[in-house]
Every structure is written in C-alpha cells, then in structure tokens.
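run.cif (mmCIF, C-alpha atoms)
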```cif
data_structure
#
loop_
_atom_site.label_atom_id
_atom_site.label_comp_id
_atom_site.auth_asym_id
_atom_site.auth_seq_id
_atom_site.Cartn_x
_atom_site.Cartn_y
_atom_site.Cartn_z
CA MET A 1114 80.06 59.61 125.10
CA GLN A 1115 80.02 56.25 126.82
CA ILE A 1116 77.80 54.27 129.16
CA THR A 1117 78.68 51.65 131.74
CA ILE A 1118 76.46 48.72 132.66
CA ASP A 1119 76.92 46.48 135.69
CA ILE A 1120 75.87 42.90 134.96
CA ASP A 1121 75.74 42.05 138.70
CA HIS A 1122 73.57 45.01 139.65
CA PRO A 1123 70.07 44.07 140.91
CA GLU A 1124 68.53 46.50 138.42
CA PRO A 1125 67.78 44.71 135.13
CA LEU A 1126 70.19 45.40 132.28
CA PHE A 1127 67.55 46.93 130.01
CA ALA A 1128 66.52 49.29 132.83
CA GLN A 1129 70.14 50.38 133.35
CA LEU A 1130 70.39 51.06 129.66
CA ILE A 1131 67.17 53.10 129.62
CA GLU A 1132 68.23 55.06 132.69
CA GLN A 1133 71.61 55.94 131.22
CA ILE A 1134 70.29 56.94 127.82
CA LYS A 1135 67.73 59.18 129.55
CA GLN A 1136 70.51 60.64 131.71
CA ALA A 1137 72.57 61.33 128.60
CA VAL A 1138 69.61 63.14 127.03
CA GLN A 1139 68.91 65.15 130.16
CA SER A 1140 72.54 66.18 130.58
CA GLY A 1141 72.67 67.29 126.94
CA LYS A 1142 75.27 64.68 125.98
CA LEU A 1143 72.73 63.37 123.49
CA SER A 1144 70.80 65.94 121.47
CA PRO A 1145 67.60 65.56 119.42
CA GLY A 1146 68.34 63.93 116.09
CA ASP A 1147 71.60 62.30 117.26
CA PRO A 1148 71.97 58.77 115.84
CA LEU A 1149 72.19 55.96 118.40
CA PRO A 1150 74.20 52.79 117.88
CA SER A 1151 72.40 49.90 116.27
CA ILE A 1152 70.95 47.21 118.55
CA ARG A 1153 73.60 44.79 117.31
CA GLN A 1154 76.50 47.21 117.92
CA LEU A 1155 75.40 48.06 121.46
CA ALA A 1156 74.69 44.42 122.29
CA LYS A 1157 78.14 43.34 121.04
CA ASP A 1158 79.95 46.17 122.83
CA LEU A 1159 78.16 45.53 126.13
CA GLU A 1160 78.31 41.73 125.70
CA MET A 1161 74.54 41.58 126.05
CA ASN A 1162 71.80 39.76 124.24
CA ASN A 1163 70.34 41.65 121.25
CA LYS A 1164 66.87 41.19 122.76
CA THR A 1165 67.86 43.11 125.91
CA VAL A 1166 68.98 46.13 123.91
CA ALA A 1167 65.95 45.81 121.63
CA LYS A 1168 63.69 45.84 124.70
CA ALA A 1169 65.38 48.98 126.05
CA TYR A 1170 65.07 50.72 122.66
CA HIS A 1171 61.42 49.63 122.36
CA LEU A 1172 60.58 51.10 125.77
CA LEU A 1173 62.50 54.29 124.99
CA GLU A 1174 60.54 54.56 121.73
CA ARG A 1175 57.30 54.07 123.62
CA ASP A 1176 58.30 56.96 125.90
CA SER A 1177 59.24 59.08 122.83
CA VAL A 1178 62.84 59.37 123.92
CA VAL A 1179 64.11 57.73 120.76
CA GLN A 1180 62.68 57.32 117.30
CA THR A 1181 63.31 54.44 114.89
CA LYS A 1182 63.45 55.47 111.25
CA GLY A 1183 63.40 52.14 109.44
CA TYR A 1184 66.69 51.08 107.91
CA ARG A 1185 68.26 54.46 108.77
CA GLY A 1186 68.43 53.42 112.41
CA THR A 1187 67.48 54.86 115.78
CA PHE A 1188 67.72 58.55 116.62
CA VAL A 1189 67.13 60.73 119.66
CA HIS A 1190 63.54 62.04 119.56
CA ALA A 1191 62.90 65.76 119.04
CA ASP A 1192 61.10 65.95 122.43
CA ALA A 1193 63.47 63.52 124.14
CA LYS A 1194 64.57 65.94 126.85
CA ALA A 1195 61.03 66.63 128.06
CA ASN A 1196 60.05 62.97 127.76
CA SER A 1197 63.11 61.74 129.66
CA THR A 1198 61.86 63.34 132.85
CA ILE A 1199 58.63 61.29 132.81
CA ASP A 1200 59.17 58.10 134.76
CA LEU A 1201 56.44 55.67 133.69
CA ASN A 1202 57.35 53.19 136.42
CA ALA A 1203 56.86 55.84 139.09
CA TRP A 1204 53.58 56.91 137.43
CA VAL A 1205 52.23 53.32 137.43
CA THR A 1206 53.27 52.82 141.06
CA ASN A 1207 51.59 56.06 142.03
CA LYS A 1208 48.32 55.24 140.21
CA LEU A 1209 48.20 51.74 141.70
CA SER A 1210 48.88 53.07 145.20
CA GLU A 1211 45.97 55.51 144.83
CA SER A 1212 43.60 52.77 143.61
CA ILE A 1213 44.68 50.30 146.32
CA ALA A 1214 44.19 52.96 149.01
CA GLU A 1215 40.68 53.60 147.66
CA PHE A 1216 39.81 49.87 147.62
CA ARG A 1217 41.07 49.42 151.18
CA GLU A 1218 39.00 52.38 152.35
CA SER A 1219 35.94 50.67 150.81
CA GLY A 1220 36.72 47.49 152.79
CA VAL A 1221 38.21 45.36 149.98
CA THR A 1222 40.83 42.93 151.31
CA ASP A 1223 44.39 42.69 149.87
CA SER A 1224 43.66 39.14 148.75
CA GLU A 1225 40.59 40.29 146.79
CA ILE A 1226 42.63 43.11 145.23
CA ARG A 1227 45.35 40.64 144.13
CA ILE A 1228 42.80 38.25 142.59
CA ALA A 1229 40.95 41.05 140.82
CA PHE A 1230 44.22 42.56 139.56
CA GLY A 1231 45.37 39.18 138.26
CA ASN A 1232 42.01 38.55 136.56
CA VAL A 1233 42.03 41.92 134.80
CA ILE A 1234 45.61 41.48 133.60
CA ASN A 1235 44.92 37.92 132.38
CA GLU A 1236 41.63 38.88 130.72
CA ARG A 1237 43.22 41.78 128.85
CA SER A 1238 46.23 39.64 127.83
CA THR A 1239 43.92 36.91 126.47
CA LYS A 1240 41.89 39.41 124.46
CA GLY A 1241 45.02 41.16 123.30
CA VAL A 1242 43.88 44.50 124.72
CA ARG A 1243 46.66 46.93 125.71
CA MET B 1077 125.67 40.13 86.74
CA LEU B 1078 125.78 43.92 87.23
CA THR B 1079 123.53 45.66 84.71
CA SER B 1080 121.71 48.90 85.51
CA THR B 1081 118.38 47.04 85.82
CA ASN B 1082 119.89 44.45 88.11
CA SER B 1083 121.57 47.14 90.21
CA LEU B 1084 118.20 48.85 90.59
CA PHE B 1085 116.76 45.57 91.84
CA TYR B 1086 119.66 45.01 94.28
CA ILE B 1087 119.13 48.46 95.81
CA ALA B 1088 115.37 47.94 96.00
CA PHE B 1089 115.83 44.48 97.54
CA LEU B 1090 118.19 45.95 100.17
CA GLY B 1091 115.35 48.36 100.93
CA GLN B 1092 112.99 45.40 101.37
CA ILE B 1093 115.41 43.68 103.79
CA PHE B 1094 115.88 46.89 105.77
CA LEU B 1095 112.27 48.06 105.89
CA LEU B 1096 110.45 44.81 106.65
CA SER B 1097 112.99 43.00 108.79
CA TYR B 1098 114.91 45.77 110.50
CA TYR B 1099 113.20 49.16 110.52
CA PHE B 1100 109.61 48.16 111.35
CA PRO B 1101 110.58 45.29 113.73
CA LYS B 1102 112.90 47.72 115.56
CA LYS B 1103 110.02 50.16 115.97
CA ILE B 1104 107.72 47.37 117.20
CA LEU B 1105 110.34 46.11 119.67
CA GLY B 1106 110.83 49.67 120.90
CA ARG B 1107 107.11 49.96 121.54
CA MET B 1108 107.03 46.62 123.39
CA LYS B 1109 109.90 47.73 125.60
CA TYR B 1110 108.33 51.12 126.24
CA VAL B 1111 105.01 49.54 127.29
CA MET B 1112 106.66 46.99 129.61
CA ASP B 1113 108.90 49.64 131.21
CA THR B 1114 106.33 52.40 131.50
CA TYR B 1115 103.29 50.29 132.41
CA PRO B 1116 104.65 47.49 134.63
CA PRO B 1117 102.49 44.56 135.81
CA SER B 1118 102.59 45.85 139.41
CA GLN B 1119 100.60 48.94 138.41
CA TYR B 1120 98.80 47.72 135.29
CA PRO B 1121 97.92 44.08 136.06
CA ARG B 1122 95.08 43.88 133.51
CA LEU B 1123 97.60 44.37 130.71
CA TYR B 1124 99.45 41.18 131.62
CA PRO B 1125 97.22 38.10 132.00
CA LYS B 1126 100.47 36.06 131.99
CA PRO B 1127 103.74 36.66 133.89
CA ILE B 1128 105.99 39.36 132.39
CA GLU B 1129 108.63 36.72 131.50
CA TYR B 1130 106.17 35.29 128.95
CA TYR B 1131 106.07 38.63 127.14
CA ARG B 1132 109.83 39.11 127.39
CA ARG B 1133 110.33 35.68 125.81
CA GLY B 1134 107.94 36.62 123.00
CA GLN B 1135 109.83 39.88 122.52
CA LEU B 1136 113.15 38.01 122.28
CA GLY B 1137 111.70 35.43 119.90
CA PHE B 1138 110.46 38.19 117.60
CA LYS B 1139 113.82 39.96 117.77
CA TYR B 1140 115.83 36.84 116.86
CA ALA B 1141 113.37 35.79 114.13
CA THR B 1142 113.64 39.16 112.39
CA ARG B 1143 117.43 39.28 112.79
CA PHE B 1144 117.65 35.80 111.24
CA ILE B 1145 115.47 36.97 108.33
CA VAL B 1146 117.83 39.94 107.78
CA VAL B 1147 120.74 37.48 107.45
CA LEU B 1148 118.62 35.29 105.18
CA GLY B 1149 117.93 38.34 103.02
CA PHE B 1150 121.64 38.97 102.53
CA VAL B 1151 122.20 35.28 101.72
CA ILE B 1152 119.42 35.43 99.09
CA LEU B 1153 120.86 38.64 97.63
CA TYR B 1154 124.32 37.03 97.46
CA ALA B 1155 122.82 34.00 95.72
CA ILE B 1156 120.91 36.20 93.24
CA ILE B 1157 124.06 38.17 92.38
CA PHE B 1158 126.70 35.45 92.33
CA LEU B 1159 125.20 31.96 92.34
CA VAL B 1160 121.91 31.79 90.42
CA ASP B 1161 121.97 31.41 86.66
CA HIS B 1162 118.97 33.57 85.76
CA SER B 1163 118.94 32.45 82.13
CA THR B 1164 117.96 28.95 83.26
CA PHE B 1165 116.08 29.86 86.46
CA ALA B 1166 113.50 32.11 84.73
CA ASP B 1167 111.92 31.76 81.27
CA ASP B 1168 112.69 35.35 80.32
CA GLY B 1169 116.26 35.25 81.62
CA TYR B 1170 115.74 38.13 84.04
CA ILE B 1171 115.81 37.99 87.85
CA SER B 1172 112.60 36.23 88.80
CA GLU B 1173 110.00 38.12 90.86
CA ALA B 1174 109.63 34.89 92.85
CA TRP B 1175 112.75 35.88 94.86
CA PRO B 1176 111.41 39.08 96.45
CA ALA B 1177 107.89 37.57 96.67
CA ALA B 1178 109.01 34.44 98.55
CA TYR B 1179 111.34 36.45 100.77
CA GLY B 1180 108.59 39.01 101.41
CA ILE B 1181 106.25 36.25 102.59
CA ILE B 1182 108.97 34.99 104.97
CA GLN B 1183 109.48 38.56 106.21
CA PHE B 1184 105.79 38.93 107.00
CA LEU B 1185 105.69 35.65 108.97
CA PRO B 1186 106.95 36.99 112.35
CA LEU B 1187 104.68 40.00 111.95
CA MET B 1188 101.72 37.70 111.35
CA VAL B 1189 102.67 35.57 114.36
CA LEU B 1190 102.77 38.77 116.40
CA GLU B 1191 99.32 39.74 115.09
CA PHE B 1192 97.86 36.33 115.96
CA SER B 1193 99.47 36.39 119.40
CA GLU B 1194 97.62 39.65 119.95
CA PHE B 1195 94.32 37.78 119.52
CA GLY B 1196 95.59 35.22 122.05
CA GLN B 1197 96.46 38.05 124.43
CA TYR B 1198 92.92 39.49 124.15
CA LYS B 1199 91.43 36.07 124.73
CA MET B 1200 93.48 35.69 127.93
CA MET B 1201 92.43 39.19 128.98
CA ARG B 1202 88.76 38.29 128.51
CA LYS B 1203 89.22 35.09 130.48
CA ALA B 1204 90.96 36.90 133.33
CA ASN B 1205 88.46 39.74 133.35
CA VAL B 1206 86.39 39.56 136.53
CA ALA B 1207 84.93 43.05 136.28
CA THR B 1208 81.14 43.07 136.19
CA THR B 1209 80.93 46.36 134.34
CA ARG B 1210 80.73 46.75 130.57
CA THR B 1211 81.36 49.99 128.72
CA ALA B 1212 80.11 51.07 125.31
CA ASP B 1213 80.05 54.14 123.14
CA LEU B 1214 76.66 55.72 122.51
CA ARG B 1215 77.74 56.86 119.05
CA ARG B 1216 76.86 54.92 115.94
CA ARG B 1217 79.83 53.18 114.34
CA GLY B 1218 79.20 52.92 110.62
CA LEU B 1219 81.75 52.58 107.83
CA PHE B 1220 81.49 56.23 106.83
CA ASP B 1221 81.76 57.37 110.46
CA VAL B 1222 85.37 56.13 110.49
CA VAL B 1223 86.53 56.50 106.88
CA SER B 1224 85.78 59.03 104.18
CA PRO B 1225 83.29 57.87 101.50
CA VAL B 1226 85.67 59.38 98.88
CA LEU B 1227 88.40 56.95 99.96
CA VAL B 1228 86.04 53.96 99.74
CA VAL B 1229 84.78 55.02 96.29
CA LEU B 1230 88.38 55.54 95.13
CA ALA B 1231 89.44 52.08 96.36
CA VAL B 1232 86.46 50.37 94.70
CA SER B 1233 87.04 52.33 91.45
CA LEU B 1234 90.68 51.24 91.41
CA ILE B 1235 89.70 47.57 91.83
CA VAL B 1236 87.23 47.82 88.93
CA GLY B 1237 89.75 49.89 86.94
CA ALA B 1238 92.54 47.33 87.46
CA ILE B 1239 90.34 44.44 86.33
CA LEU B 1240 88.99 46.35 83.31
CA LEU B 1241 92.46 47.55 82.27
CA ASP B 1242 93.80 44.02 82.45
CA LEU B 1243 90.87 42.73 80.38
CA TYR B 1244 91.26 45.57 77.86
CA VAL B 1245 94.99 44.94 77.46
CA HIS B 1246 94.29 41.25 76.79
CA GLN B 1247 91.40 41.91 74.36
CA PHE B 1248 88.86 40.77 76.96
CA THR B 1249 90.19 37.22 76.85
CA ILE B 1250 88.36 35.36 79.61
CA GLU B 1251 89.81 31.87 79.81
CA TRP B 1252 90.39 29.72 82.85
CA GLY B 1253 94.10 29.72 83.71
CA HIS B 1254 94.80 32.96 81.82
CA ASP B 1255 96.82 35.60 83.75
CA THR B 1256 94.01 38.15 83.48
CA VAL B 1257 91.45 35.86 85.07
CA GLU B 1258 93.89 34.76 87.78
CA ARG B 1259 94.68 38.38 88.61
CA ALA B 1260 91.00 39.33 88.67
CA ILE B 1261 90.22 36.43 91.01
CA THR B 1262 93.20 37.24 93.26
CA LEU B 1263 92.19 40.91 93.43
CA THR B 1264 88.56 40.07 94.18
CA LEU B 1265 89.37 37.46 96.83
CA THR B 1266 91.98 39.61 98.60
CA ASN B 1267 89.67 42.61 98.64
CA SER B 1268 86.79 40.44 99.87
CA LEU B 1269 89.03 39.28 102.69
CA LEU B 1270 89.92 42.88 103.56
CA ALA B 1271 86.23 43.86 103.41
CA GLY B 1272 85.32 40.94 105.67
CA LEU B 1273 88.02 41.87 108.17
CA GLY B 1274 86.83 45.48 108.07
CA ALA B 1275 83.23 44.46 108.73
CA TRP B 1276 84.36 42.21 111.57
CA LEU B 1277 86.29 45.09 113.16
CA LEU B 1278 83.36 47.48 112.78
CA TYR B 1279 80.49 45.26 113.80
CA GLY B 1280 82.16 42.33 115.53
CA LYS B 1281 82.79 41.44 119.12
CA LYS B 1282 84.92 43.68 121.30
CA LEU B 1283 88.25 41.86 121.53
CA ASN B 1284 90.01 43.80 124.26
CA PRO B 1285 87.64 43.85 127.24
CA HIS B 1286 89.36 46.85 128.85
CA GLN B 1287 89.82 49.10 125.84
CA GLY B 1288 87.85 52.34 126.04
CA PRO B 1289 85.48 53.34 123.19
CA GLY B 1290 87.78 56.20 122.09
CA ASP B 1291 90.81 53.94 121.66
CA ARG B 1292 88.70 51.30 119.99
CA ASN B 1293 87.30 53.75 117.44
CA LYS B 1294 90.80 55.02 116.73
CA GLN B 1295 92.09 51.48 116.25
CA ILE B 1296 89.21 50.59 113.92
CA SER B 1297 89.72 53.77 111.91
CA THR B 1298 93.48 53.16 111.58
CA ASN B 1299 92.98 49.55 110.48
CA LEU B 1300 90.27 50.41 107.96
CA HIS B 1301 92.43 53.17 106.49
CA SER B 1302 95.30 50.66 106.22
CA PHE B 1303 93.03 48.16 104.45
CA LEU B 1304 91.92 50.80 101.97
CA TYR B 1305 95.47 51.97 101.26
CA VAL B 1306 96.64 48.35 100.84
CA SER B 1307 93.72 47.66 98.49
CA MET B 1308 94.58 50.73 96.41
CA ALA B 1309 98.27 49.78 96.29
CA MET B 1310 97.32 46.28 95.21
CA SER B 1311 95.09 47.61 92.40
CA VAL B 1312 97.88 49.91 91.20
CA PHE B 1313 100.34 46.98 91.28
CA PHE B 1314 97.96 44.86 89.22
CA MET B 1315 97.63 47.75 86.76
CA THR B 1316 101.43 47.83 86.42
CA GLN B 1317 101.30 44.09 85.67
CA ALA B 1318 98.85 44.76 82.83
CA VAL B 1319 101.01 47.61 81.50
CA ASP B 1320 104.02 45.32 81.85
CA ASP B 1321 102.34 42.91 79.42
CA ILE B 1322 101.85 45.64 76.78
CA TYR B 1323 105.36 47.06 76.89
CA ASN B 1324 107.21 43.82 77.73
CA LEU B 1325 108.76 45.20 80.89
CA ASP B 1326 109.70 41.74 82.18
CA PHE B 1327 113.12 43.03 83.25
CA LEU B 1328 111.35 45.21 85.84
CA ASP B 1329 109.18 42.44 87.36
CA ALA B 1330 111.47 41.66 90.28
CA THR B 1331 112.05 45.34 91.10
CA LEU B 1332 108.33 46.07 90.97
CA MET B 1333 107.63 43.10 93.24
CA THR B 1334 110.16 44.20 95.87
CA LEU B 1335 108.81 47.75 95.74
CA TYR B 1336 105.28 46.37 96.05
CA PHE B 1337 106.14 44.55 99.28
CA GLN B 1338 107.70 47.70 100.68
CA VAL B 1339 104.69 49.83 99.79
CA ILE B 1340 102.35 47.27 101.38
CA ALA B 1341 104.47 47.24 104.57
CA PHE B 1342 104.61 51.01 104.64
CA LEU B 1343 100.84 51.36 104.20
CA SER B 1344 99.87 48.67 106.69
CA LEU B 1345 102.54 48.54 109.40
CA GLY B 1346 103.87 52.04 108.87
CA HIS B 1347 100.42 53.60 108.92
CA GLY B 1348 99.46 51.69 112.07
CA LEU B 1349 102.63 52.69 113.91
CA ARG B 1350 102.28 56.32 112.85
CA GLU B 1351 98.61 56.68 113.72
CA GLN B 1352 98.45 54.70 116.94
CA LYS B 1353 100.90 56.57 119.10
CA LEU B 1354 101.49 54.99 122.51
CA GLU B 1355 101.15 58.32 124.31
CA ASP B 1356 97.61 58.68 122.91
CA ILE B 1357 96.46 55.28 124.22
CA ASP B 1358 94.62 55.21 127.54
CA PHE B 1359 96.56 52.72 129.69
CA GLU B 1360 94.67 53.67 132.87
CA VAL B 1361 92.01 51.09 131.95
CA TYR B 1362 94.55 48.36 132.71
CA LYS B 1363 94.85 49.37 136.37
CA ASP B 1364 93.03 47.30 138.96
CA GLY B 1365 89.47 48.48 139.53
CA ALA B 1366 89.53 51.06 136.73
CA GLY B 1367 86.03 51.91 135.39
CA ASP B 1368 84.27 49.38 137.61
CA GLU B 1369 81.70 51.85 138.86
CA LYS B 1370 78.21 51.30 137.49
CA GLY B 1371 76.16 53.95 135.77
CA GLN B 1372 78.93 56.22 134.60
CA LEU B 1373 78.34 58.60 131.77
CA ALA B 1374 81.51 59.91 130.21
#
```
Represent the structure from my file as structure tokens, please.
Amino acid sequence: MQITIDIDHPEPLFAQLIEQIKQAVQSGKLSPGDPLPSIRQLAKDLEMNNKTVAKAYHLLERDSVVQTKGYRGTFVHADAKANSTIDLNAWVTNKLSESIAEFRESGVTDSEIRIAFGNVINERSTKGVR
Amino acid sequence: MLTSTNSLFYIAFLGQIFLLSYYFPKKILGRMKYVMDTYPPSQYPRLYPKPIEYYRRGQLGFKYATRFIVVLGFVILYAIIFLVDHSTFADDGYISEAWPAAYGIIQFLPLMVLEFSEFGQYKMMRKANVATTRTADLRRRGLFDVVSPVLVVLAVSLIVGAILLDLYVHQFTIEWGHDTVERAITLTLTNSLLAGLGAWLLYGKKLNPHQGPGDRNKQISTNLHSFLYVSMAMSVFFMTQAVDDIYNLDFLDATLMTLYFQVIAFLSLGHGLREQKLEDIDFEVYKDGAGDEKGQLA
C-alpha cells in the first residue's frame, strides 16, 4: 500500500503523513501489528527530512495509532482503528472555542484573552509543564 | 595446438563470446527497441528527459561496441590457437587464464557503461521532474523482506567456507603476497562491495522519481538476488582454485575462468532479464500528470 504527499499543499507535510496513515488504518489497509517503514526509509522515499517523518510518527504514537518497539521498529497499535477516529486538533479547537465563548460572555476582551493565553503557554513552557 | 583440454577451452571460450557479447546484448537491444516503440515520447514524456535521438544513438553505440567485441573475441581465439606460443607465454605451458579474464573484462565494459548511463538517465529524470507529489510504500523494506534468510546464510557460509578451504589446503599459511591471502582479500572486498551496493539499494535514495513502490521493490529484490548468486558463484570459483592447487589442475585454469565469466553473466544479467519482464513494469507512471493527485492511498 502506498501514500502520496504533495509538497506544495498548504497542509504541512507531517500532517499529510499523519492523515494518510490514519486513513490507511481506518480503511483496513494497515492492520494492528503491521510494521511501518523506518523513519529513514520513509524520509528517503518521500524526499523529506527525517525530522518531519519523526514528528509525524511521534504524534501518531502520542495518539496511540502507532507503537515504537525499540530497535524492532514502529508498528500499528492494537487500538489504532479506534484511535484514528479521534482528531486531537478538532478536540483542541472545540475546547478553546467553548472557553473563549465563556470568557466573552463574562465580558473579557479578545485582547485580554490573547495575552492571558500567551502568558499561560509561556509560563508552562518555562516550567516544563505539559 | 589441438588437445582435448584445449578443445574444451575453445568451445567454452566460444560460449563466452556468444553469451556475453551476442546473446545478452541482443536481448538488451530488443528490450530497448520494444520500450521505444511501445512507449513513445509523445505518450510517455517522463521516460525521455532527452530527445529520442539521444537514446537511439546510445542504442547504436551499444550495438556496434558489442559487435566489435564479438570480432575481437574471434581474433583472440585465432591468436590463442594459431599464433601464441603457450610454452613461453605462461609458466606452466598451458593456455593462460589471463586470456578469458582480460576478454571478459572487455566484454563487461559496454554493459557497465549502459549501467552507468542508467544512473545518468535517472538524474536527468529527477532534474526534469516538476511534479509536487511524492509516493512511498507503507511497508517496511528490510533485507529479509526481499530475500530469504536461508539464501543470505548460504552465501555467507560459502564465503567463510571458501576462505577456510583455501587456508586449509595451504596449511594455514598467512603471508603477505601469498595466493591464499590475496584470494581471501579479493573475496572479502568484492563481497563488501556487493553488500554496500545492496544496502544502498535497500536504504538509499530513490533513483527513479517516477517508479512506483511495487516496481521498485521488485527491482531491489531482483538485484539483491543477483548479488547473492554472484557472491555464491564467486565463492565456489575460489574453492575450485584451492582444489586446483591440491590436484595441480593448471591445464583447466583457462576453461574454469571462461566458465566463471559465463556463470557470472548468467546470474547477474540473465537473472535480471528473466525476472524483470517489461510487461510487468508499470509504464503508466511516465505519462504526463500520472499520480499527481495528493492524498492517494493505493
């Protein structure tokens, strides 16, 4: 099974990669336990930077779509099909929209929301909190 | 001089001329012609980064070079039979294995030029490639995904076996300049080169930008099988050299050498031509706009 990436597409390359691997899992073209190509192999074949593929694999691992087993490589996660339907980007957008709507109802201005959001992000980054 | 051993060599050498400079080149030329006739530049522009005349000239050059080498082969055979005094030319007085070896190297030259020009062709294809899409296989490509572990173990065992047999025959004499050491070094270096080429094919950059993953995997598998067969043939040849030293089979050296070249050609070129059938290759990827759509899963 093969994937196609468009380097001129506005969607970032790692996001295209994630989307297509999730699609492959959902359509049954990739089954739980199937080995995935190494980061190096996929990066060479797609003429991409290793870091881009590594980022995609890292995010897929975070979402429990793939599983890295040390030197043995990366495999499709046992619960990959169920986890491929969860779109974390959509979830974050939804949660933020709810919070922003609540702030606005309480009279907080957009400028104050931006500053507060930036402060929280910066504070957590500085302290190394996830 | 017509002895039974010499006659055996003459027949084997005729086989070398025929196989390496007529039979395989004819097959290759037939494939070139078939591709140019069946997949013309008007319909498959991505296959021809240069005008078709450039490829026709290359085809002609290859044809004339191999035909010239056939004539050269007959001249060498004539010289071996009627002109060369083997008692002064070689220490042992038999036909020297240098004749088929030197001629074999000349025979491989146009084939090597063809191989290198293929890299040039891929480079031009990459340069001319304006497509923004990139395709990859989502299957892992490891050594044992394309070749059987048994074959790899067998090839490695034969290398070790050939070196050990040679050492055993020569009472484990390890001296710089000794035949055994030279053969062990040659075997190790050649196999390292084959292993390096194999690793480069497996894990290296995609050379042909349009080639689909299926065709690429097939090509890698065919090449790796060829490398393994060539490695095994080389080990067996080196074993015969060791046996040759025990039984003083110097009179067979030239015949063995010519047969060795033929076996190598059969296992490398012959295997490639047999396994990579043109009708199995996907030429649709060379059409304009083929596979340019983003986000395809196939």
Problem set entry | Contact residues around B:Ile1093 with all atoms listed in the file at 9 Å, ignoring same-chain residues under 4 positions, as a list of chain:residue names |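 Everything that qualifies: B:Ala1088, B:Phe1089, B:Ser1097, B:Tyr1098, B:Tyr1099, B:Ile1145, B:Val1146, B:Val1147, B:Gly1149, B:Phe1150, B:Tyr1179, B:Gly1180, B:Gln1183.
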For this session: Choose the residue, out of A:Val1205, A:Leu1159, A:Ile1234, A:Ala1128, that has the smallest atom-to-atom separation from chain B; count all atoms listed in the file.
Result: A:Leu1159
Problem set entry | Residues in the PyMOL selection byres ((chain A and resi 1146-1158) around 9), expressed as a PyMOL selection string | (chain A and resi 1143-1145+1159-1167+1170+1179-1180+1186-1191) or (chain B and resi 1210-1218+1278-1282)
Problem set entry | Residue with smallest distance to chain A - pool B:Leu1234, B:Val1206, B:Ile1261, B:Ala1341, counting only C-alpha atoms |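 Among B:Leu1234, B:Val1206, B:Ile1261, B:Ala1341, it is B:Val1206 that comes nearest to chain A.
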Exercise. Got a sec to resolve the PyMOL selection byres ((chain B and resi 1131) around 12) on this structure and send the residues as a ChimeraX atom specification?
Worked result: /B:1105,1108-1109,1111-1112,1116-1117,1123-1130,1132-1138,1190,1193-1194,1197
For this session: Select, from B:Leu1345, B:Leu1335, B:Val1361, B:Ala1309, the residue with the minimum atom-to-atom distance to B:Gly1091, counting only C-alpha atoms.
Result: B:Leu1335
Problem set entry | Top pick for closest residue to chain A, considering B:Leu1283, B:Val1151, B:Ala1330, B:Val1222 and counting all atoms listed in the file |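 Using all atoms listed in the file, chain A sits closest to B:Leu1283.
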Exercise. Do you have the atom CA of A:Lys1135-atom CA of A:Ala1203 distance handy?
Worked result: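 For atom CA of A:Lys1135 relative to atom CA of A:Ala1203, the distance reads 14.8 Å.
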Problem set entry | A:Ile1120 surroundings by all atoms listed in the file, 10 Å radius, close-in-sequence under 2 positions cut, as a list in words |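 Contacts, with the query itself left out: Thr1117, Ile1118, His1122, Pro1123, Glu1124, Pro1125, Leu1126, Gln1129, Leu1159, Glu1160 and Met1161 of chain A; Ala1207, Thr1208, Thr1209, Arg1210 and Lys1370 of chain B.
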For this session: Quote the spacing between atom CA of B:Thr1334 and atom CA of B:Leu1273 in Å to one decimal place.
Result: 25.4 Å
Exercise. Rounded to one decimal in Å, what is the spacing between atom CA of A:Trp1204 and atom CA of A:Gly1141?
Worked result: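 Distance reported for this atom pair: 24.1 Å.
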Problem set entry | Residue nearest B:Met1308 among B:Phe1158, B:Phe1085, B:Tyr1336, B:Tyr1323 (counting all atoms listed in the file) |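 Among the listed residues, the smallest separation from B:Met1308 belongs to B:Tyr1336.
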For this session: Tell me which of B:Asn1293, B:Ser1118, B:Ser1083, B:Asn1324 sits closest to chain A, counting all atoms listed in the file.
Result: B:Asn1293
Problem set entry | Result set of the PyMOL selection byres ((chain A and resi 1197) around 10) on the coordinates above, as a PyMOL selection string | chain A and resi 1131-1132+1134-1139+1173+1176-1179+1192-1196+1198-1201
